[in-house]
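Shown next: start_12.cif, given as mmCIF, C-alpha atoms.
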```
data_target
loop_
_atom_site.label_atom_id
_atom_site.label_comp_id
_atom_site.auth_asym_id
_atom_site.auth_seq_id
_atom_site.Cartn_x
_atom_site.Cartn_y
_atom_site.Cartn_z
CA MET A 225 108.66 336.53 126.76
CA ASP A 226 108.21 339.07 129.53
CA GLY A 227 111.91 339.67 129.91
CA ALA A 228 113.83 342.04 132.09
CA THR A 229 113.64 344.99 129.74
CA ARG A 230 109.92 344.63 129.26
CA SER A 231 109.16 344.18 132.95
CA THR A 232 111.14 346.92 134.60
CA GLY A 233 108.06 349.03 135.12
CA SER A 234 106.23 346.26 136.89
CA VAL A 235 108.89 345.84 139.54
CA SER A 236 109.56 349.56 140.04
CA ALA A 237 106.13 350.10 141.63
CA PRO A 238 105.71 346.97 143.77
CA TRP A 239 102.85 348.23 145.91
CA LEU A 240 100.74 349.13 142.89
CA ALA A 241 101.25 345.59 141.57
CA ILE A 242 100.43 344.17 145.01
CA ALA A 243 97.21 346.22 145.11
CA ALA A 244 96.19 344.89 141.69
CA GLY A 245 97.05 341.36 142.75
CA CYS A 246 94.91 341.72 145.86
CA VAL A 247 91.91 342.77 143.76
CA ILE A 248 92.48 339.80 141.44
CA ALA A 249 92.66 337.46 144.45
CA LEU A 250 89.37 338.92 145.71
CA LEU A 251 87.70 338.36 142.34
CA THR A 252 88.97 334.85 141.70
CA PHE A 253 88.29 333.59 145.21
CA GLY A 254 84.88 335.26 145.58
CA PRO A 255 82.41 333.48 143.26
CA ARG A 256 83.75 329.96 143.82
CA SER A 257 83.60 330.44 147.61
CA ALA A 258 79.90 331.38 147.35
CA ILE A 259 78.93 328.44 145.14
CA GLY A 260 77.18 326.71 148.04
CA PHE A 261 74.35 329.26 147.87
CA PHE A 262 73.50 328.11 144.35
CA GLN A 263 73.22 324.42 145.28
CA ILE A 264 69.66 324.19 146.58
CA PRO A 265 67.90 326.45 144.01
CA MET A 266 69.89 324.95 141.13
CA LEU A 267 69.10 321.39 142.14
CA ALA A 268 65.44 322.21 142.78
CA ASP A 269 64.99 323.72 139.30
CA ASN A 270 66.92 321.01 137.44
CA GLY A 271 66.00 317.93 139.45
CA TRP A 272 69.63 316.98 140.08
CA SER A 273 71.00 315.36 143.26
CA ARG A 274 73.45 316.72 145.79
CA GLU A 275 75.92 314.13 144.57
CA ASP A 276 75.70 315.65 141.04
CA PHE A 277 76.51 319.06 142.47
CA ALA A 278 79.24 317.71 144.75
CA LEU A 279 80.95 315.90 141.86
CA ALA A 280 81.11 319.10 139.77
CA ILE A 281 82.53 321.18 142.62
CA ALA A 282 84.90 318.39 143.63
CA LEU A 283 86.24 318.30 140.06
CA GLN A 284 86.52 322.09 140.16
CA ASN A 285 88.88 321.73 143.11
CA LEU A 286 90.79 318.96 141.38
CA PHE A 287 91.27 320.92 138.14
CA TRP A 288 92.25 323.94 140.23
CA GLY A 289 94.94 321.81 141.83
CA VAL A 290 96.15 320.15 138.62
CA GLY A 291 96.24 323.49 136.81
CA GLN A 292 98.11 325.33 139.58
CA PRO A 293 101.64 323.96 138.98
CA LEU A 294 101.12 324.08 135.21
CA PHE A 295 100.05 327.72 135.19
CA GLY A 296 102.67 328.49 137.82
CA ALA A 297 105.40 327.12 135.57
CA ILE A 298 104.04 329.12 132.61
CA ALA A 299 104.00 332.30 134.72
CA ASP A 300 107.56 331.61 135.95
CA ARG A 301 108.75 331.34 132.35
CA PHE A 302 106.54 333.62 130.25
CA GLY A 303 105.09 336.11 132.69
CA THR A 304 102.26 336.43 135.19
CA ALA A 305 100.07 338.78 133.16
CA ARG A 306 99.45 336.33 130.33
CA VAL A 307 98.32 333.64 132.75
CA LEU A 308 95.97 336.07 134.53
CA VAL A 309 94.31 337.07 131.25
CA LEU A 310 93.63 333.39 130.59
CA SER A 311 92.23 333.08 134.11
CA GLY A 312 89.59 335.74 133.58
CA VAL A 313 88.45 334.27 130.26
CA LEU A 314 88.22 330.67 131.52
CA TYR A 315 86.48 331.69 134.74
CA ALA A 316 83.88 333.83 132.94
CA ALA A 317 83.16 331.06 130.42
CA GLY A 318 82.77 328.48 133.18
CA LEU A 319 80.26 330.53 135.15
CA ALA A 320 78.28 331.32 132.01
CA ILE A 321 78.04 327.63 131.06
CA THR A 322 77.00 326.76 134.61
CA ALA A 323 74.19 329.30 134.38
CA VAL A 324 72.61 327.55 131.39
CA ALA A 325 73.77 323.95 131.93
CA PRO A 326 71.01 321.58 130.71
CA THR A 327 72.50 318.43 132.29
CA PRO A 328 74.92 317.46 135.06
CA PHE A 329 77.55 316.87 132.35
CA TRP A 330 77.52 320.57 131.43
CA LEU A 331 77.58 321.48 135.11
CA VAL A 332 80.83 319.52 135.31
CA VAL A 333 82.21 321.27 132.19
CA GLY A 334 81.31 324.74 133.46
CA SER A 335 81.69 324.65 137.25
CA GLY A 336 84.09 321.75 137.30
CA VAL A 337 86.60 322.06 134.47
CA LEU A 338 86.51 325.69 133.28
CA VAL A 339 86.00 327.41 136.63
CA GLY A 340 88.59 325.10 138.16
CA LEU A 341 91.18 326.01 135.53
CA GLY A 342 90.19 329.68 135.74
CA VAL A 343 90.78 329.75 139.48
CA ALA A 344 94.08 327.88 139.02
CA ALA A 345 95.37 330.49 136.58
CA GLY A 346 94.48 333.40 138.87
CA SER A 347 94.66 332.10 142.41
CA PHE A 348 97.03 332.51 145.33
CA GLY A 349 99.93 330.54 143.89
CA ILE A 350 100.17 332.77 140.81
CA VAL A 351 99.57 336.06 142.61
CA LEU A 352 101.78 335.35 145.64
CA ALA A 353 104.69 334.22 143.46
CA ALA A 354 104.48 337.57 141.65
CA PHE A 355 104.44 339.33 145.03
CA ALA A 356 107.51 337.43 146.24
CA ARG A 357 109.56 338.77 143.35
CA ARG A 358 108.71 342.38 144.16
CA VAL A 359 109.62 342.58 147.84
CA SER A 360 112.50 341.58 150.11
CA ALA A 361 112.63 338.19 151.81
CA GLU A 362 111.77 339.89 155.11
CA GLN A 363 108.55 341.31 153.64
CA ARG A 364 107.31 338.16 151.92
CA SER A 365 105.33 336.66 154.77
CA PHE A 366 103.49 339.96 155.28
CA VAL A 367 102.58 340.49 151.61
CA PHE A 368 101.54 336.85 151.38
CA GLY A 369 99.19 337.64 154.26
CA LEU A 370 97.84 340.65 152.37
CA GLY A 371 97.17 338.60 149.24
CA THR A 372 95.50 335.85 151.22
CA ALA A 373 93.43 338.41 153.12
CA ALA A 374 92.24 339.83 149.81
CA GLY A 375 91.01 336.39 148.80
CA SER A 376 89.27 336.23 152.15
CA ALA A 377 87.64 339.57 151.40
CA GLY A 378 86.26 337.95 148.25
CA MET A 379 84.45 335.43 150.40
CA PHE A 380 83.18 338.20 152.68
CA VAL A 381 81.94 340.29 149.73
CA PHE A 382 80.57 337.57 147.47
CA ALA A 383 78.68 335.54 150.09
CA PRO A 384 76.03 338.22 150.78
CA LEU A 385 76.29 339.55 147.22
CA SER A 386 75.53 336.15 145.70
CA GLN A 387 72.55 335.56 147.97
CA ALA A 388 71.21 339.05 147.22
CA LEU A 389 71.59 338.44 143.47
CA ILE A 390 69.81 335.09 143.74
CA ASP A 391 66.94 336.70 145.67
CA SER A 392 66.62 339.48 143.07
CA TYR A 393 67.39 337.78 139.76
CA GLY A 394 67.37 334.02 140.35
CA TRP A 395 70.39 331.72 140.44
CA SER A 396 70.95 331.50 136.67
CA ASP A 397 71.02 335.25 135.94
CA SER A 398 73.14 335.75 139.05
CA LEU A 399 75.79 333.43 137.64
CA MET A 400 75.78 335.42 134.38
CA ILE A 401 76.38 338.62 136.35
CA LEU A 402 79.29 337.01 138.20
CA SER A 403 80.62 335.77 134.85
CA ALA A 404 80.78 339.33 133.53
CA THR A 405 82.52 340.46 136.71
CA MET A 406 85.39 338.05 136.10
CA LEU A 407 86.33 339.93 132.93
CA LEU A 408 87.86 342.58 135.21
CA VAL A 409 90.76 340.21 135.88
CA PRO A 410 92.40 340.60 132.42
CA LEU A 411 92.19 344.39 132.80
CA LEU A 412 94.22 344.28 136.02
CA ALA A 413 96.69 341.69 134.77
CA TYR A 414 99.00 344.24 133.09
CA LEU A 415 100.16 345.56 136.46
CA LEU A 416 101.52 342.12 137.36
CA ARG A 417 103.52 341.60 134.17
CA GLY A 418 106.99 340.13 134.49
CA ASN A 419 108.51 336.74 135.27
CA ALA A 420 111.21 335.29 137.51
CA ALA A 421 114.04 336.49 135.26
CA SER A 422 112.82 340.09 135.37
CA ALA A 423 112.77 340.03 139.17
CA GLY A 424 116.51 339.47 139.57
CA ALA A 425 116.49 336.06 141.27
CA ALA A 426 119.73 334.84 142.82
CA ARG A 427 122.36 333.48 140.42
CA ALA A 428 122.17 329.94 141.85
CA GLU A 429 118.42 329.96 141.28
CA MET A 430 118.72 331.26 137.72
CA ALA A 431 121.31 328.60 136.84
CA GLN A 432 118.93 325.85 137.88
CA THR A 433 116.70 324.23 135.30
CA MET A 434 113.02 323.54 135.93
CA GLY A 435 113.69 319.81 136.03
CA ASP A 436 116.53 320.27 138.52
CA ALA A 437 114.26 322.38 140.72
CA LEU A 438 111.55 319.74 140.66
CA ARG A 439 113.96 316.91 141.49
CA GLU A 440 115.47 318.95 144.30
CA ALA A 441 112.05 319.66 145.82
CA LEU A 442 110.90 316.04 145.62
CA ALA A 443 114.10 314.96 147.39
CA THR A 444 113.55 317.44 150.26
CA LYS A 445 111.83 315.90 153.29
CA GLY A 446 110.40 319.21 154.55
CA TYR A 447 108.82 319.96 151.18
CA LEU A 448 107.16 316.52 151.07
CA LEU A 449 105.83 316.94 154.61
CA LEU A 450 104.50 320.40 153.77
CA THR A 451 102.80 319.02 150.68
CA THR A 452 101.25 316.18 152.67
CA GLY A 453 99.92 318.50 155.37
CA PHE A 454 98.38 320.97 152.94
CA PHE A 455 96.11 318.15 151.70
CA VAL A 456 94.25 318.46 155.02
CA CYS A 457 93.68 322.19 154.63
CA GLY A 458 91.97 321.60 151.31
CA PHE A 459 89.79 318.81 152.67
CA GLN A 460 88.52 320.92 155.56
CA VAL A 461 87.83 324.27 153.90
CA ALA A 462 86.38 322.90 150.65
CA PHE A 463 83.91 320.69 152.50
CA ILE A 464 82.66 323.64 154.54
CA THR A 465 82.52 325.99 151.54
CA ALA A 466 80.44 323.61 149.44
CA HIS A 467 78.21 321.99 152.06
CA PHE A 468 77.83 324.33 155.03
CA PRO A 469 74.77 326.19 153.63
CA ALA A 470 73.00 322.86 153.00
CA PHE A 471 74.10 321.58 156.44
CA ILE A 472 72.53 324.62 158.10
CA ALA A 473 69.31 324.13 156.12
CA ASP A 474 69.21 320.45 157.13
CA VAL A 475 69.17 321.31 160.84
CA GLY A 476 66.24 323.67 160.30
CA ILE A 477 68.00 327.02 160.65
CA ALA A 478 67.00 329.91 158.37
CA PRO A 479 69.15 330.46 155.22
CA VAL A 480 70.14 333.94 156.42
CA TRP A 481 72.45 332.26 158.94
CA ALA A 482 74.28 330.44 156.15
CA VAL A 483 74.95 333.82 154.51
CA THR A 484 76.01 335.22 157.86
CA ALA A 485 78.30 332.25 158.50
CA LEU A 486 80.23 332.45 155.23
CA ALA A 487 80.42 336.24 155.44
CA LEU A 488 81.85 335.98 158.96
CA ILE A 489 84.34 333.34 157.84
CA GLY A 490 85.41 335.67 155.03
CA PHE A 491 85.67 338.74 157.28
CA PHE A 492 87.61 337.09 160.08
CA ASN A 493 89.73 335.32 157.51
CA ILE A 494 91.00 338.76 156.53
CA ILE A 495 92.16 339.31 160.10
CA GLY A 496 93.51 335.78 160.36
CA SER A 497 95.46 335.96 157.08
CA ILE A 498 97.14 339.29 157.84
CA SER A 499 97.92 338.15 161.38
CA SER A 500 99.32 334.90 159.99
CA GLY A 501 101.64 336.82 157.68
CA LEU A 502 102.93 338.91 160.58
CA ILE A 503 103.33 335.92 162.92
CA GLY A 504 105.15 334.00 160.19
CA GLN A 505 107.77 336.76 159.99
CA ARG A 506 108.61 336.40 163.69
CA TYR A 507 108.04 332.79 164.75
CA SER A 508 108.52 329.24 163.49
CA LYS A 509 106.28 328.74 160.47
CA PRO A 510 106.06 324.92 160.77
CA HIS A 511 105.07 325.08 164.46
CA PHE A 512 102.58 327.84 163.73
CA LEU A 513 100.98 325.70 161.02
CA ALA A 514 100.70 322.76 163.43
CA LEU A 515 98.87 324.97 165.94
CA ILE A 516 96.45 326.17 163.24
CA TYR A 517 95.44 322.60 162.40
CA ILE A 518 95.01 321.71 166.07
CA GLY A 519 92.83 324.79 166.48
CA ARG A 520 90.61 323.74 163.58
CA SER A 521 90.08 320.28 165.04
CA ILE A 522 89.15 321.74 168.42
CA ALA A 523 86.74 324.21 166.80
CA VAL A 524 84.89 321.55 164.78
CA THR A 525 84.72 319.18 167.77
CA ALA A 526 83.21 321.87 170.00
CA PHE A 527 80.73 322.83 167.27
CA LEU A 528 79.50 319.28 166.75
CA LEU A 529 79.20 318.49 170.46
CA THR A 530 77.05 321.51 171.31
CA PRO A 531 73.47 322.21 170.17
CA ILE A 532 73.55 323.91 166.77
CA THR A 533 71.91 327.32 167.04
CA PRO A 534 72.42 330.69 165.32
CA THR A 535 74.72 331.65 168.21
CA THR A 536 76.95 328.58 167.89
CA ILE A 537 77.05 329.05 164.11
CA VAL A 538 78.30 332.61 164.58
CA VAL A 539 80.95 331.58 167.13
CA PHE A 540 82.12 328.68 164.97
CA SER A 541 82.30 330.90 161.88
CA ILE A 542 84.41 333.52 163.67
CA VAL A 543 86.88 330.93 164.97
CA MET A 544 87.11 329.10 161.65
CA GLY A 545 87.47 332.42 159.85
CA LEU A 546 90.56 333.25 161.89
CA LEU A 547 92.03 329.84 160.98
CA TRP A 548 90.58 329.51 157.45
CA LEU A 549 93.37 330.54 155.08
CA SER A 550 95.91 331.43 157.75
CA THR A 551 97.78 328.36 156.48
CA VAL A 552 98.51 329.96 153.10
CA PRO A 553 101.08 332.69 154.03
CA PRO A 554 103.39 330.43 156.08
CA THR A 555 103.05 327.55 153.60
CA ASN A 556 104.06 329.67 150.60
CA ALA A 557 106.71 331.45 152.62
CA LEU A 558 108.26 328.10 153.57
CA VAL A 559 108.51 327.10 149.91
CA ALA A 560 110.27 330.43 149.19
CA VAL A 561 112.61 329.93 152.15
CA MET A 562 113.54 326.44 151.00
CA PHE A 563 113.99 327.05 147.28
CA GLY A 564 113.92 330.79 146.52
CA THR A 565 111.58 332.51 144.04
CA ARG A 566 112.85 331.29 140.65
CA TYR A 567 110.33 328.44 140.43
CA LEU A 568 108.02 329.47 143.24
CA GLY A 569 104.97 329.41 140.96
CA MET A 570 105.59 325.79 140.00
CA LEU A 571 106.79 324.48 143.38
CA GLY A 572 104.10 326.34 145.29
CA GLY A 573 101.62 325.03 142.74
CA LEU A 574 102.62 321.43 143.44
CA VAL A 575 102.03 321.95 147.15
CA PHE A 576 98.67 323.44 146.24
CA LEU A 577 97.87 320.42 144.06
CA SER A 578 97.91 318.37 147.25
CA HIS A 579 95.57 320.93 148.82
CA GLN A 580 93.15 320.53 145.94
CA ILE A 581 93.22 316.75 145.99
CA GLY A 582 92.09 317.15 149.58
CA SER A 583 89.47 319.65 148.41
CA PHE A 584 88.17 317.16 145.83
CA LEU A 585 87.77 314.48 148.46
CA GLY A 586 86.21 316.85 151.00
CA VAL A 587 83.56 318.08 148.57
CA TRP A 588 82.87 314.76 146.86
CA LEU A 589 82.78 312.71 150.05
CA GLY A 590 80.48 315.32 151.55
CA GLY A 591 77.92 314.70 148.81
CA TYR A 592 78.48 310.95 148.51
CA LEU A 593 78.35 310.15 152.21
CA TYR A 594 75.34 312.42 152.64
CA GLU A 595 73.48 310.29 150.11
CA VAL A 596 74.62 307.11 151.92
CA TYR A 597 74.01 308.14 155.54
CA GLY A 598 71.64 311.08 155.26
CA SER A 599 73.99 313.41 157.15
CA TYR A 600 77.44 315.03 157.00
CA ASP A 601 78.62 313.67 160.37
CA VAL A 602 81.20 311.19 159.02
CA VAL A 603 82.96 313.88 156.96
CA TRP A 604 82.98 316.36 159.86
CA TRP A 605 84.74 313.84 162.14
CA LEU A 606 87.12 312.75 159.40
CA GLY A 607 88.17 316.39 159.11
CA VAL A 608 88.89 316.50 162.86
CA ALA A 609 91.15 313.44 162.64
CA LEU A 610 92.97 314.81 159.61
CA GLY A 611 93.60 318.10 161.41
CA LEU A 612 95.49 316.27 164.15
CA PHE A 613 97.43 314.32 161.52
CA ALA A 614 98.44 317.58 159.79
CA ALA A 615 99.72 319.02 163.08
CA ILE A 616 102.00 315.99 163.54
CA VAL A 617 103.27 316.23 159.96
CA HIS A 618 104.16 319.94 160.10
CA TRP A 619 106.00 319.96 163.42
CA PRO A 620 109.37 318.48 162.23
CA ILE A 621 109.67 320.62 159.06
CA ARG A 622 112.97 322.52 158.96
CA GLU A 623 112.65 326.20 158.10
CA ALA A 624 115.88 326.78 156.17
CA PRO A 625 117.15 326.97 152.57
CA VAL A 626 118.04 323.67 150.98
CA GLU A 627 121.75 322.98 150.81
CA ARG A 628 122.63 323.72 147.22
CA GLY A 629 126.05 323.50 145.62
CA VAL A 630 127.41 326.10 143.21
CA LEU A 631 125.68 325.52 139.88
CA ALA A 632 127.26 326.03 136.50
CA PRO A 633 125.55 328.64 134.28
CA ALA A 634 122.56 327.14 132.45
#
```

As structure tokens, the full file:
Amino acid sequence: MDGATRSTGSVSAPWLAIAAGCVIALLTFGPRSAIGFFQIPMLADNGWSREDFALAIALQNLFWGVGQPLFGAIADRFGTARVLVLSGVLYAAGLAITAVAPTPFWLVVGSGVLVGLGVAAGSFGIVLAAFARRVSAEQRSFVFGLGTAAGSAGMFVFAPLSQALIDSYGWSDSLMILSATMLLVPLLAYLLRGNAASAGAARAEMAQTMGDALREALATKGYLLLTTGFFVCGFQVAFITAHFPAFIADVGIAPVWAVTALALIGFFNIIGSISSGLIGQRYSKPHFLALIYIGRSIAVTAFLLTPITPTTIVVFSIVMGLLWLSTVPPTNALVAVMFGTRYLGMLGGLVFLSHQIGSFLGVWLGGYLYEVYGSYDVVWWLGVALGLFAAIVHWPIREAPVERGVLAPA
């Protein structure tokens, strides 16, 4: 196990570890956020339907969510680095299988199961939990913003990169190139070695068992509300990630604007994520989250009620970029405030599981309802309604540590 004596070096240079974690977040978030560019050429070559593609990507989000608390618990106990090595291997294998998938079943295996588990083992929950153990409580919201911004940079970098690769090499060879890129993750993993014990968590946290921590969280009203609200975030962003390029093509706008849109979302998401981390250090995190969800609903409503042109696509992408993953820093910071960092990987992972159930439904319903109605309108408006629901759910959350008695040594 990555114990205290083996992990001292990792916590003595926190900003080097944070830099490595940011690069890993960029790599793991990048290819899966650009998957929408592969939809149309892949389906055209293979003769599959949009529902086939949507099911695979929906399952990717579901396996990402199911894997998150599992890999978070493993990282809490045995060390972050080992989980990140597994992430790179699973992710690379999934992209490679997707590149040569002969049937929709193998698309599900590659893009759905393996990429989903690969992202789960190397995504925000794993990286941010490692960050939390290397900085003070006052710095957590800011470094969470940095890590989230790095994931946003992955979207900004990989959106135009993926389209350029497809134009030059075709969609299949492009996926093989991205597969090889994911093998950089295990090389960076060493800098994030260590677990909760090596980070010097508080005595009351260390005395608590994993089962006790889980029961405590599930009995905490604020945690349940936070988990419920994060479902909406997943529904909204996953639907746009998977279906926005096809939506733009359907309204007769050139594909270059789809690339521009996702790149703008990624770029302004960097600004939004860092700003969110800073705001979360100074103001109420639950109220800030409620305002983010209200802002998303307003942005989508305005976009749908105005003529869709390249200009409105650009404006919508900028606004959504600022709000895109700005939910992640305050959400993870609230879990750390409530329960500390001992089981942050697992407890944050459970909140993220709700996010990914929402992602599954957003992606799958996007494809299914498109086949039924011939448009994405129903899913767009459902996302607006859910955004208002999320704002209501977040407002009463109490930003304070849970009341915990003195625990006997484990």

Which polymer residues, whether protein, DNA or RNA, lie within 6 Å of the coordinate (85.2, 336.7, 131.0) when you count only C-alpha atoms? List them as a PyMOL selection string, using the chain letters and numbers from the file.
chain A and resi 312-313+316+404+406-407

Write the residues you've just listed into a file as an mmCIF file, in the coordinates of the input, and include C-alpha atoms for each of them.
```
data_model
loop_
_atom_site.group_PDB
_atom_site.id
_atom_site.type_symbol
_atom_site.label_atom_id
_atom_site.label_comp_id
_atom_site.auth_asym_id
_atom_site.auth_seq_id
_atom_site.Cartn_x
_atom_site.Cartn_y
_atom_site.Cartn_z
ATOM 1 C CA GLY A 312 89.590 335.740 133.580
ATOM 2 C CA VAL A 313 88.450 334.270 130.260
ATOM 3 C CA ALA A 316 83.880 333.830 132.940
ATOM 4 C CA ALA A 404 80.780 339.330 133.530
ATOM 5 C CA MET A 406 85.390 338.050 136.100
ATOM 6 C CA LEU A 407 86.330 339.930 132.930
#
```

Here atom CA of A:Phe584 and atom CA of A:Gly296 stand apart by 20.1 Å

Please write the residues picked by the PyMOL selection byres ((chain A and resi 439-445) around 12) on this file as a ChimeraX atom specification.
/A:429,432-438,446-452,559-560,562-564,567-568,570-572,574-575,617-618,620-629

If you count all atoms listed in the file, which residues fall within 12 Å of A:Ile532, apart from same-chain ones fewer than 4 positions away, as an MDAnalysis selection string?
chainID A and resid 471:477 481 524 526:528 536:540

Can you tell me, as a PDB file with C-alpha atoms, keeping the file's coordinate frame, what residues are no more than 12 Å from A:Ser347 when counting only C-alpha atoms, ignoring any on the same chain fewer than 5 positions away?
```pdb
ATOM      1  CA  GLY A 245      97.050 341.360 142.750  1.00  0.00           C
ATOM      2  CA  CYS A 246      94.910 341.720 145.860  1.00  0.00           C
ATOM      3  CA  VAL A 247      91.910 342.770 143.760  1.00  0.00           C
ATOM      4  CA  ILE A 248      92.480 339.800 141.440  1.00  0.00           C
ATOM      5  CA  ALA A 249      92.660 337.460 144.450  1.00  0.00           C
ATOM      6  CA  LEU A 250      89.370 338.920 145.710  1.00  0.00           C
ATOM      7  CA  LEU A 251      87.700 338.360 142.340  1.00  0.00           C
ATOM      8  CA  THR A 252      88.970 334.850 141.700  1.00  0.00           C
ATOM      9  CA  PHE A 253      88.290 333.590 145.210  1.00  0.00           C
ATOM     10  CA  GLY A 254      84.880 335.260 145.580  1.00  0.00           C
ATOM     11  CA  ARG A 256      83.750 329.960 143.820  1.00  0.00           C
ATOM     12  CA  ASN A 285      88.880 321.730 143.110  1.00  0.00           C
ATOM     13  CA  TRP A 288      92.250 323.940 140.230  1.00  0.00           C
ATOM     14  CA  GLY A 289      94.940 321.810 141.830  1.00  0.00           C
ATOM     15  CA  GLY A 291      96.240 323.490 136.810  1.00  0.00           C
ATOM     16  CA  GLN A 292      98.110 325.330 139.580  1.00  0.00           C
ATOM     17  CA  PRO A 293     101.640 323.960 138.980  1.00  0.00           C
ATOM     18  CA  PHE A 295     100.050 327.720 135.190  1.00  0.00           C
ATOM     19  CA  GLY A 296     102.670 328.490 137.820  1.00  0.00           C
ATOM     20  CA  THR A 304     102.260 336.430 135.190  1.00  0.00           C
ATOM     21  CA  VAL A 307      98.320 333.640 132.750  1.00  0.00           C
ATOM     22  CA  LEU A 308      95.970 336.070 134.530  1.00  0.00           C
ATOM     23  CA  LEU A 310      93.630 333.390 130.590  1.00  0.00           C
ATOM     24  CA  SER A 311      92.230 333.080 134.110  1.00  0.00           C
ATOM     25  CA  GLY A 312      89.590 335.740 133.580  1.00  0.00           C
ATOM     26  CA  TYR A 315      86.480 331.690 134.740  1.00  0.00           C
ATOM     27  CA  VAL A 339      86.000 327.410 136.630  1.00  0.00           C
ATOM     28  CA  GLY A 340      88.590 325.100 138.160  1.00  0.00           C
ATOM     29  CA  LEU A 341      91.180 326.010 135.530  1.00  0.00           C
ATOM     30  CA  GLY A 342      90.190 329.680 135.740  1.00  0.00           C
ATOM     31  CA  LEU A 352     101.780 335.350 145.640  1.00  0.00           C
ATOM     32  CA  ALA A 353     104.690 334.220 143.460  1.00  0.00           C
ATOM     33  CA  ALA A 354     104.480 337.570 141.650  1.00  0.00           C
ATOM     34  CA  GLY A 371      97.170 338.600 149.240  1.00  0.00           C
ATOM     35  CA  THR A 372      95.500 335.850 151.220  1.00  0.00           C
ATOM     36  CA  ALA A 374      92.240 339.830 149.810  1.00  0.00           C
ATOM     37  CA  GLY A 375      91.010 336.390 148.800  1.00  0.00           C
ATOM     38  CA  SER A 376      89.270 336.230 152.150  1.00  0.00           C
ATOM     39  CA  GLY A 378      86.260 337.950 148.250  1.00  0.00           C
ATOM     40  CA  VAL A 409      90.760 340.210 135.880  1.00  0.00           C
ATOM     41  CA  VAL A 552      98.510 329.960 153.100  1.00  0.00           C
ATOM     42  CA  GLY A 569     104.970 329.410 140.960  1.00  0.00           C
ATOM     43  CA  GLY A 572     104.100 326.340 145.290  1.00  0.00           C
ATOM     44  CA  GLY A 573     101.620 325.030 142.740  1.00  0.00           C
ATOM     45  CA  PHE A 576      98.670 323.440 146.240  1.00  0.00           C
TER      46      PHE A 576
END
```

Residues at most 12 Å from A:Ala373, counting all atoms listed in the file, excluding those fewer than 3 positions away in the same chain, as a PyMOL selection string?
chain A and resi 243+245-250+253-254+348+352+366-370+376-380+489-501+545-553

Write the residues of the selection above to a file with C-alpha atoms, as a compact mmCIF listing (two decimals), keeping the file's coordinate frame.
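again22.txt, written as the output of this step:
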```txt
# COMPACT_ATOMS: atom_id res chain seq x y z
CA ALA A 243 97.21 346.22 145.11
CA GLY A 245 97.05 341.36 142.75
CA CYS A 246 94.91 341.72 145.86
CA VAL A 247 91.91 342.77 143.76
CA ILE A 248 92.48 339.80 141.44
CA ALA A 249 92.66 337.46 144.45
CA LEU A 250 89.37 338.92 145.71
CA PHE A 253 88.29 333.59 145.21
CA GLY A 254 84.88 335.26 145.58
CA PHE A 348 97.03 332.51 145.33
CA LEU A 352 101.78 335.35 145.64
CA PHE A 366 103.49 339.96 155.28
CA VAL A 367 102.58 340.49 151.61
CA PHE A 368 101.54 336.85 151.38
CA GLY A 369 99.19 337.64 154.26
CA LEU A 370 97.84 340.65 152.37
CA SER A 376 89.27 336.23 152.15
CA ALA A 377 87.64 339.57 151.40
CA GLY A 378 86.26 337.95 148.25
CA MET A 379 84.45 335.43 150.40
CA PHE A 380 83.18 338.20 152.68
CA ILE A 489 84.34 333.34 157.84
CA GLY A 490 85.41 335.67 155.03
CA PHE A 491 85.67 338.74 157.28
CA PHE A 492 87.61 337.09 160.08
CA ASN A 493 89.73 335.32 157.51
CA ILE A 494 91.00 338.76 156.53
CA ILE A 495 92.16 339.31 160.10
CA GLY A 496 93.51 335.78 160.36
CA SER A 497 95.46 335.96 157.08
CA ILE A 498 97.14 339.29 157.84
CA SER A 499 97.92 338.15 161.38
CA SER A 500 99.32 334.90 159.99
CA GLY A 501 101.64 336.82 157.68
CA GLY A 545 87.47 332.42 159.85
CA LEU A 546 90.56 333.25 161.89
CA LEU A 547 92.03 329.84 160.98
CA TRP A 548 90.58 329.51 157.45
CA LEU A 549 93.37 330.54 155.08
CA SER A 550 95.91 331.43 157.75
CA THR A 551 97.78 328.36 156.48
CA VAL A 552 98.51 329.96 153.10
CA PRO A 553 101.08 332.69 154.03
```

Grab the atom CA of A:Val332 to atom CA of A:Ala282 distance for me, in Å with one decimal place.
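Pair atom CA of A:Val332 / atom CA of A:Ala282 returns 9.3 Å.
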
Apply the PyMOL selection byres ((chain A and resi 465) around 9) to the file shown and report the selected residues as a list in words.
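Checking the PyMOL selection byres ((chain A and resi 465) around 9) against this file, the residues are Arg256, Ser257, Ala258, Ile259, Gly260, Gln460, Val461, Ala462, Phe463, Ile464, Ala466, His467, Phe468, Pro469, Leu486 and Val587 of chain A.
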
Put those residues in a file: C-alpha atoms, as a compact mmCIF listing (two decimals), keeping the file's coordinate frame.
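The resulting file, selection-v5.txt, is shown below:
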```txt
# COMPACT_ATOMS: atom_id res chain seq x y z
CA ARG A 256 83.75 329.96 143.82
CA SER A 257 83.60 330.44 147.61
CA ALA A 258 79.90 331.38 147.35
CA ILE A 259 78.93 328.44 145.14
CA GLY A 260 77.18 326.71 148.04
CA GLN A 460 88.52 320.92 155.56
CA VAL A 461 87.83 324.27 153.90
CA ALA A 462 86.38 322.90 150.65
CA PHE A 463 83.91 320.69 152.50
CA ILE A 464 82.66 323.64 154.54
CA ALA A 466 80.44 323.61 149.44
CA HIS A 467 78.21 321.99 152.06
CA PHE A 468 77.83 324.33 155.03
CA PRO A 469 74.77 326.19 153.63
CA LEU A 486 80.23 332.45 155.23
CA VAL A 587 83.56 318.08 148.57
```
